[in-house]
Amino acid sequence: MKSSYKFEKEVLKLIFIPNKTEGVDCSGKVKMGRYECNIHTPKDWDIEKIHPDVLALIIILIAYPFIDKEIEVPIGVSQDFHDSFKKETKKSIYPVDKNLKPRIAPKNAVPGLAYSGGVDSTAALALLPSNTVCFFLDRILPKELEKSLKLYDKQSVYDVYSQLEKQGRQGYKIKTDLEYVRVPRGFPVETSTTIPALLLSDYIGIDSVATGTIMEHQYIPYHKISLDRDYFVKWNNIFKSIDIPLNQVTAGISEVGTMKILLNSPYSSFNHWCMRGDNSRPCMKCDKCFRKKILEMILLKQQVPNSMLDNLFLSNEVRTMLKQLPIPCENVIAYITSHYNGNHTLMKSLKKRTRANILDTSWMEKWYSPAKDLIAEKYYNSVEKEIIKHLEVMSSEDEANMNSWDITSINNSLIYQKYQQDFISDLTKFKQDTIRNR
Ligand SMILES: [Zn+2]
């Protein structure tokens, strides 16, 4: 694969030229859709303001799934970067500039956060020091698709960034269409979300980059797509070679724990999860609204109104999600139903379906401390102090409960299959009864 760049009018265009055997990833399911992408930069940024190794990593984070044996980059990389990339991926990068020293973060460097405004990365924001700089990967459409596709509503994220700025914090929104290099559209690798932080790493001076990766992604393999998107590369070792280690401050915290931290933090008003709603209000029809809204109410010890549950259980999207075995994010659904004390028949049926009446779900609100290894060394002590202000540390019993949370066994279990059928018939009956009574 060859790559090149053009930089004009505050847009960095990256161009990829695969050879004949390239263009499809190792699974055969992901292909290259476009051979270039645009990244919009701040006004006073220029190519001199990025270390060549960092530029190379940005190119890799977009093209990696499609690189066969080697990648040629437009500006030579250091020998250290070459060696580290080779060691972790068995692929080569060239040319090597023998005179180029590896990037070292400046002395007064600050931590960076790939901040999407979602619950998990807001929890990360609450755990990180107050000088953390936030970077938003602001997805835009490639020019030729502007008329045919519609983007999700980003207003709530923009509002969050302007509130952060009012509090005197630094935030950067970097527009890019890099998701369209990949078909189906999406981030080529899991850590592609760090690209805005990498782009500005020397412009600002950062020494690490955090993301909102949570326990479910890191330790519980049901987000199979994201696991596949690592392509079995120890990415952190490559990030370390440019002195921007990954800082996975929420990796030992579940979706229940991140919501708990957010609600308990100065950022509780940033509680946005829905990409569908208008004017920053959740749509209350999607599966995220089902999970996050009920979780929020359970953690705030609020009554969950039956009328709200009725509407959610009538939504086609929610019904499709709940019929699955396992349900996506099943652990969170189990946590919700295990703490639900109301009288809605479908919530009771869902409690039985997720076995929340039998299972101990309390591990989800605690910190899995072995995940400290994924926090950047420089920030470990301060982040640990913050985490234990919000969450208890898991006991060995909690850790055993977490480790025994096995999605494959749920999928194959005859008991779960029976409960699934029971729940589906309750769901069907509920819809019929509702239509009859209207
Ligand atoms: Zn929604």
# chains A, B, ... in the order shown; residues from 1 in each chain; ligands from 1
>>> select_by_dssp(residues="region 46-205 of chain A", states="alpha helix (DSSP H)", output="ChimeraX atom specification")
/A:52-63,79-89,119-127,155-166,195-199
>>> residues_near_ligand(ligand="ligand 1", cutoff="10 Å", atoms="only C-alpha atoms and all ligand atoms", output="list in words")
His272, Trp273, Cys274, Met275, Arg276, Gly277, Asp278, Arg281, Pro282, Cys283, Met284, Lys285, Cys286, Asp287, Lys288, Cys289, Phe290, Arg291, Lys292, Lys293, Glu317 and Val318 of chain A
>>> write_last_selection(atoms="N, CA and C atoms", output="tab-separated table (two decimals), in the first residue's frame")
chain	number	residue	atom	x	y	z
A	272	HIS	N	-26.09	12.40	27.65
A	272	HIS	CA	-26.70	12.18	26.33
A	272	HIS	C	-26.27	10.82	25.81
A	273	TRP	N	-27.19	10.09	25.29
A	273	TRP	CA	-26.82	8.80	24.70
A	273	TRP	C	-27.49	8.60	23.35
A	274	CYS	N	-28.60	9.32	23.10
A	274	CYS	CA	-29.40	9.02	21.91
A	274	CYS	C	-28.97	9.90	20.74
A	275	MET	N	-28.72	9.26	19.59
A	275	MET	CA	-28.31	9.97	18.38
A	275	MET	C	-29.52	10.37	17.55
A	276	ARG	N	-30.73	9.97	17.98
A	276	ARG	CA	-31.91	10.12	17.14
A	276	ARG	C	-32.75	11.34	17.52
A	277	GLY	N	-32.77	11.64	18.82
A	277	GLY	CA	-33.71	12.65	19.30
A	277	GLY	C	-33.47	14.02	18.68
A	278	ASP	N	-34.44	14.92	18.87
A	278	ASP	CA	-34.27	16.29	18.39
A	278	ASP	C	-33.97	17.18	19.58
A	281	ARG	N	-32.94	15.96	22.94
A	281	ARG	CA	-33.81	15.11	23.77
A	281	ARG	C	-33.81	13.68	23.24
A	282	PRO	N	-33.74	12.67	24.15
A	282	PRO	CA	-33.72	11.28	23.67
A	282	PRO	C	-35.02	10.89	22.97
A	283	CYS	N	-34.94	9.98	21.98
A	283	CYS	CA	-36.12	9.62	21.18
A	283	CYS	C	-37.09	8.72	21.94
A	284	MET	N	-36.58	8.00	22.94
A	284	MET	CA	-37.37	7.05	23.75
A	284	MET	C	-38.01	5.95	22.90
A	285	LYS	N	-37.34	5.61	21.80
A	285	LYS	CA	-37.82	4.52	20.96
A	285	LYS	C	-36.70	3.53	20.63
A	286	CYS	N	-35.44	3.94	20.83
A	286	CYS	CA	-34.34	3.10	20.37
A	286	CYS	C	-33.83	2.21	21.52
A	287	ASP	N	-32.99	1.24	21.16
A	287	ASP	CA	-32.53	0.32	22.21
A	287	ASP	C	-31.64	1.01	23.23
A	288	LYS	N	-30.91	2.04	22.78
A	288	LYS	CA	-30.07	2.78	23.74
A	288	LYS	C	-30.93	3.52	24.75
A	289	CYS	N	-32.04	4.11	24.28
A	289	CYS	CA	-32.93	4.81	25.20
A	289	CYS	C	-33.51	3.83	26.22
A	290	PHE	N	-33.87	2.62	25.76
A	290	PHE	CA	-34.39	1.60	26.69
A	290	PHE	C	-33.38	1.35	27.81
A	291	ARG	N	-32.16	1.06	27.39
A	291	ARG	CA	-31.12	0.65	28.36
A	291	ARG	C	-30.69	1.81	29.25
A	292	LYS	N	-30.34	2.95	28.60
A	292	LYS	CA	-29.72	4.04	29.35
A	292	LYS	C	-30.73	4.79	30.21
A	293	LYS	N	-31.94	5.02	29.67
A	293	LYS	CA	-32.92	5.80	30.44
A	293	LYS	C	-33.35	5.02	31.69
A	317	GLU	N	-37.98	-1.35	17.42
A	317	GLU	CA	-36.53	-1.51	17.60
A	317	GLU	C	-36.22	-2.18	18.95
A	318	VAL	N	-36.93	-1.72	19.99
A	318	VAL	CA	-36.72	-2.29	21.33
A	318	VAL	C	-37.16	-3.76	21.34
>>> select_by_dssp(residues="region 49-176 of chain A", states="strand (DSSP E or B)", output="PyMOL selection string")
chain A and resi 70-77+92-96+110-114+133-139+171-176
>>> atom_distance(atom1="CA of Tyr340 (chain A)", atom2="CA of Ser369 (chain A)")
27.7 Å
>>> atom_distance(atom1="CA of Asp310 (chain A)", atom2="CA of Ile424 (chain A)")
15.3 Å
>>> residues_around(residues="Thr193 (chain A)", least_positions_apart="4", cutoff="12 Å", atoms="only C-alpha atoms", output="PDB file with N, CA and C atoms, in the first residue's frame")
ATOM      1  N   ILE A  58      -1.493   7.873  12.159  1.00  0.00           N
ATOM      2  CA  ILE A  58      -2.840   8.262  11.683  1.00  0.00           C
ATOM      3  C   ILE A  58      -3.173   7.497  10.393  1.00  0.00           C
ATOM      4  N   LEU A  61      -3.944   3.922  11.236  1.00  0.00           N
ATOM      5  CA  LEU A  61      -5.237   3.722  11.912  1.00  0.00           C
ATOM      6  C   LEU A  61      -6.414   3.796  10.933  1.00  0.00           C
ATOM      7  N   ILE A  62      -6.156   4.280   9.725  1.00  0.00           N
ATOM      8  CA  ILE A  62      -7.209   4.302   8.703  1.00  0.00           C
ATOM      9  C   ILE A  62      -7.043   3.126   7.724  1.00  0.00           C
ATOM     10  N   GLY A 112      -4.812  13.827  26.908  1.00  0.00           N
ATOM     11  CA  GLY A 112      -5.872  14.004  25.910  1.00  0.00           C
ATOM     12  C   GLY A 112      -6.970  12.979  26.135  1.00  0.00           C
ATOM     13  N   LEU A 113      -8.167  13.302  25.646  1.00  0.00           N
ATOM     14  CA  LEU A 113      -9.296  12.377  25.741  1.00  0.00           C
ATOM     15  C   LEU A 113     -10.072  12.413  24.436  1.00  0.00           C
ATOM     16  N   ALA A 114     -10.268  11.241  23.824  1.00  0.00           N
ATOM     17  CA  ALA A 114     -11.150  11.140  22.655  1.00  0.00           C
ATOM     18  C   ALA A 114     -12.569  11.198  23.206  1.00  0.00           C
ATOM     19  N   TYR A 115     -13.174  12.369  23.167  1.00  0.00           N
ATOM     20  CA  TYR A 115     -14.419  12.609  23.899  1.00  0.00           C
ATOM     21  C   TYR A 115     -15.604  12.768  22.960  1.00  0.00           C
ATOM     22  N   SER A 116     -16.539  11.815  23.045  1.00  0.00           N
ATOM     23  CA  SER A 116     -17.705  11.816  22.144  1.00  0.00           C
ATOM     24  C   SER A 116     -18.928  12.449  22.771  1.00  0.00           C
ATOM     25  N   SER A 121     -17.417   8.091  27.844  1.00  0.00           N
ATOM     26  CA  SER A 121     -16.289   9.021  27.780  1.00  0.00           C
ATOM     27  C   SER A 121     -16.498  10.203  28.727  1.00  0.00           C
ATOM     28  N   CYS A 134     -10.019  17.765  25.386  1.00  0.00           N
ATOM     29  CA  CYS A 134     -10.983  16.867  24.738  1.00  0.00           C
ATOM     30  C   CYS A 134     -10.930  16.999  23.221  1.00  0.00           C
ATOM     31  N   PHE A 135     -11.064  15.870  22.539  1.00  0.00           N
ATOM     32  CA  PHE A 135     -11.044  15.853  21.077  1.00  0.00           C
ATOM     33  C   PHE A 135     -12.258  15.084  20.576  1.00  0.00           C
ATOM     34  N   PHE A 136     -13.026  15.740  19.719  1.00  0.00           N
ATOM     35  CA  PHE A 136     -14.228  15.098  19.158  1.00  0.00           C
ATOM     36  C   PHE A 136     -13.991  14.742  17.703  1.00  0.00           C
ATOM     37  N   LEU A 137     -14.154  13.473  17.375  1.00  0.00           N
ATOM     38  CA  LEU A 137     -14.080  13.066  15.974  1.00  0.00           C
ATOM     39  C   LEU A 137     -15.453  13.355  15.364  1.00  0.00           C
ATOM     40  N   ASP A 138     -15.515  14.467  14.667  1.00  0.00           N
ATOM     41  CA  ASP A 138     -16.776  14.996  14.157  1.00  0.00           C
ATOM     42  C   ASP A 138     -17.024  14.417  12.765  1.00  0.00           C
ATOM     43  N   ARG A 139     -17.854  13.377  12.717  1.00  0.00           N
ATOM     44  CA  ARG A 139     -18.065  12.658  11.454  1.00  0.00           C
ATOM     45  C   ARG A 139     -18.817  13.513  10.445  1.00  0.00           C
ATOM     46  N   ILE A 174     -12.835  17.943  15.406  1.00  0.00           N
ATOM     47  CA  ILE A 174     -12.127  17.746  14.143  1.00  0.00           C
ATOM     48  C   ILE A 174     -13.042  17.006  13.167  1.00  0.00           C
ATOM     49  N   LYS A 175     -13.406  17.701  12.093  1.00  0.00           N
ATOM     50  CA  LYS A 175     -14.310  17.107  11.099  1.00  0.00           C
ATOM     51  C   LYS A 175     -13.536  16.147  10.197  1.00  0.00           C
ATOM     52  N   THR A 176     -14.104  14.972   9.977  1.00  0.00           N
ATOM     53  CA  THR A 176     -13.459  14.033   9.061  1.00  0.00           C
ATOM     54  C   THR A 176     -14.460  13.043   8.495  1.00  0.00           C
ATOM     55  N   LEU A 178     -13.335  10.019   7.490  1.00  0.00           N
ATOM     56  CA  LEU A 178     -12.481   8.834   7.396  1.00  0.00           C
ATOM     57  C   LEU A 178     -13.245   7.513   7.495  1.00  0.00           C
ATOM     58  N   GLU A 179     -14.444   7.549   8.080  1.00  0.00           N
ATOM     59  CA  GLU A 179     -15.241   6.317   8.218  1.00  0.00           C
ATOM     60  C   GLU A 179     -15.618   5.692   6.885  1.00  0.00           C
ATOM     61  N   GLY A 186     -17.425   2.785   8.952  1.00  0.00           N
ATOM     62  CA  GLY A 186     -17.124   2.683  10.378  1.00  0.00           C
ATOM     63  C   GLY A 186     -15.665   2.966  10.642  1.00  0.00           C
ATOM     64  N   PHE A 187     -15.290   2.906  11.922  1.00  0.00           N
ATOM     65  CA  PHE A 187     -13.888   3.116  12.242  1.00  0.00           C
ATOM     66  C   PHE A 187     -13.096   1.882  11.826  1.00  0.00           C
ATOM     67  N   PRO A 188     -12.008   2.095  11.057  1.00  0.00           N
ATOM     68  CA  PRO A 188     -11.234   0.949  10.567  1.00  0.00           C
ATOM     69  C   PRO A 188     -10.658   0.097  11.703  1.00  0.00           C
ATOM     70  N   VAL A 189     -10.115   0.734  12.734  1.00  0.00           N
ATOM     71  CA  VAL A 189      -9.696  -0.023  13.917  1.00  0.00           C
ATOM     72  C   VAL A 189     -10.307   0.654  15.139  1.00  0.00           C
ATOM     73  N   ALA A 197      -6.906  13.570  18.372  1.00  0.00           N
ATOM     74  CA  ALA A 197      -5.902  13.844  19.410  1.00  0.00           C
ATOM     75  C   ALA A 197      -4.495  13.682  18.848  1.00  0.00           C
ATOM     76  N   LEU A 198      -4.299  12.669  18.010  1.00  0.00           N
ATOM     77  CA  LEU A 198      -2.975  12.455  17.416  1.00  0.00           C
ATOM     78  C   LEU A 198      -2.620  13.609  16.484  1.00  0.00           C
ATOM     79  N   LEU A 199      -3.605  14.047  15.686  1.00  0.00           N
ATOM     80  CA  LEU A 199      -3.376  15.138  14.738  1.00  0.00           C
ATOM     81  C   LEU A 199      -2.856  16.381  15.464  1.00  0.00           C
ATOM     82  N   VAL A 209      -3.505   9.443  25.521  1.00  0.00           N
ATOM     83  CA  VAL A 209      -4.859   9.660  24.998  1.00  0.00           C
ATOM     84  C   VAL A 209      -5.798   8.624  25.610  1.00  0.00           C
ATOM     85  N   ALA A 210      -6.859   9.151  26.230  1.00  0.00           N
ATOM     86  CA  ALA A 210      -7.856   8.276  26.847  1.00  0.00           C
ATOM     87  C   ALA A 210      -9.025   8.090  25.895  1.00  0.00           C
ATOM     88  N   THR A 211      -9.738   6.979  26.033  1.00  0.00           N
ATOM     89  CA  THR A 211     -10.988   6.774  25.306  1.00  0.00           C
ATOM     90  C   THR A 211     -12.009   6.269  26.327  1.00  0.00           C
ATOM     91  N   GLY A 212     -13.240   6.143  25.899  1.00  0.00           N
ATOM     92  CA  GLY A 212     -14.277   5.652  26.816  1.00  0.00           C
ATOM     93  C   GLY A 212     -14.453   4.136  26.748  1.00  0.00           C
ATOM     94  N   THR A 213     -13.367   3.400  26.478  1.00  0.00           N
ATOM     95  CA  THR A 213     -13.465   1.930  26.447  1.00  0.00           C
ATOM     96  C   THR A 213     -13.906   1.408  27.807  1.00  0.00           C
ATOM     97  N   LEU A 246      -1.989   4.851  25.357  1.00  0.00           N
ATOM     98  CA  LEU A 246      -3.441   4.815  25.562  1.00  0.00           C
ATOM     99  C   LEU A 246      -3.697   4.852  27.070  1.00  0.00           C
TER     100      LEU A 246
END
>>> residues_around(residues="Asp422 (chain A)", least_positions_apart="4", cutoff="9 Å", atoms="only C-alpha atoms", output="number ranges by chain")
A: 349, 353, 417-418, 426-427
>>> closest_residue(among="A:Pro305, A:Gly33, A:Pro42, A:Gly76", to="Val11 (chain A)", atoms="only C-alpha atoms")
A:Pro42
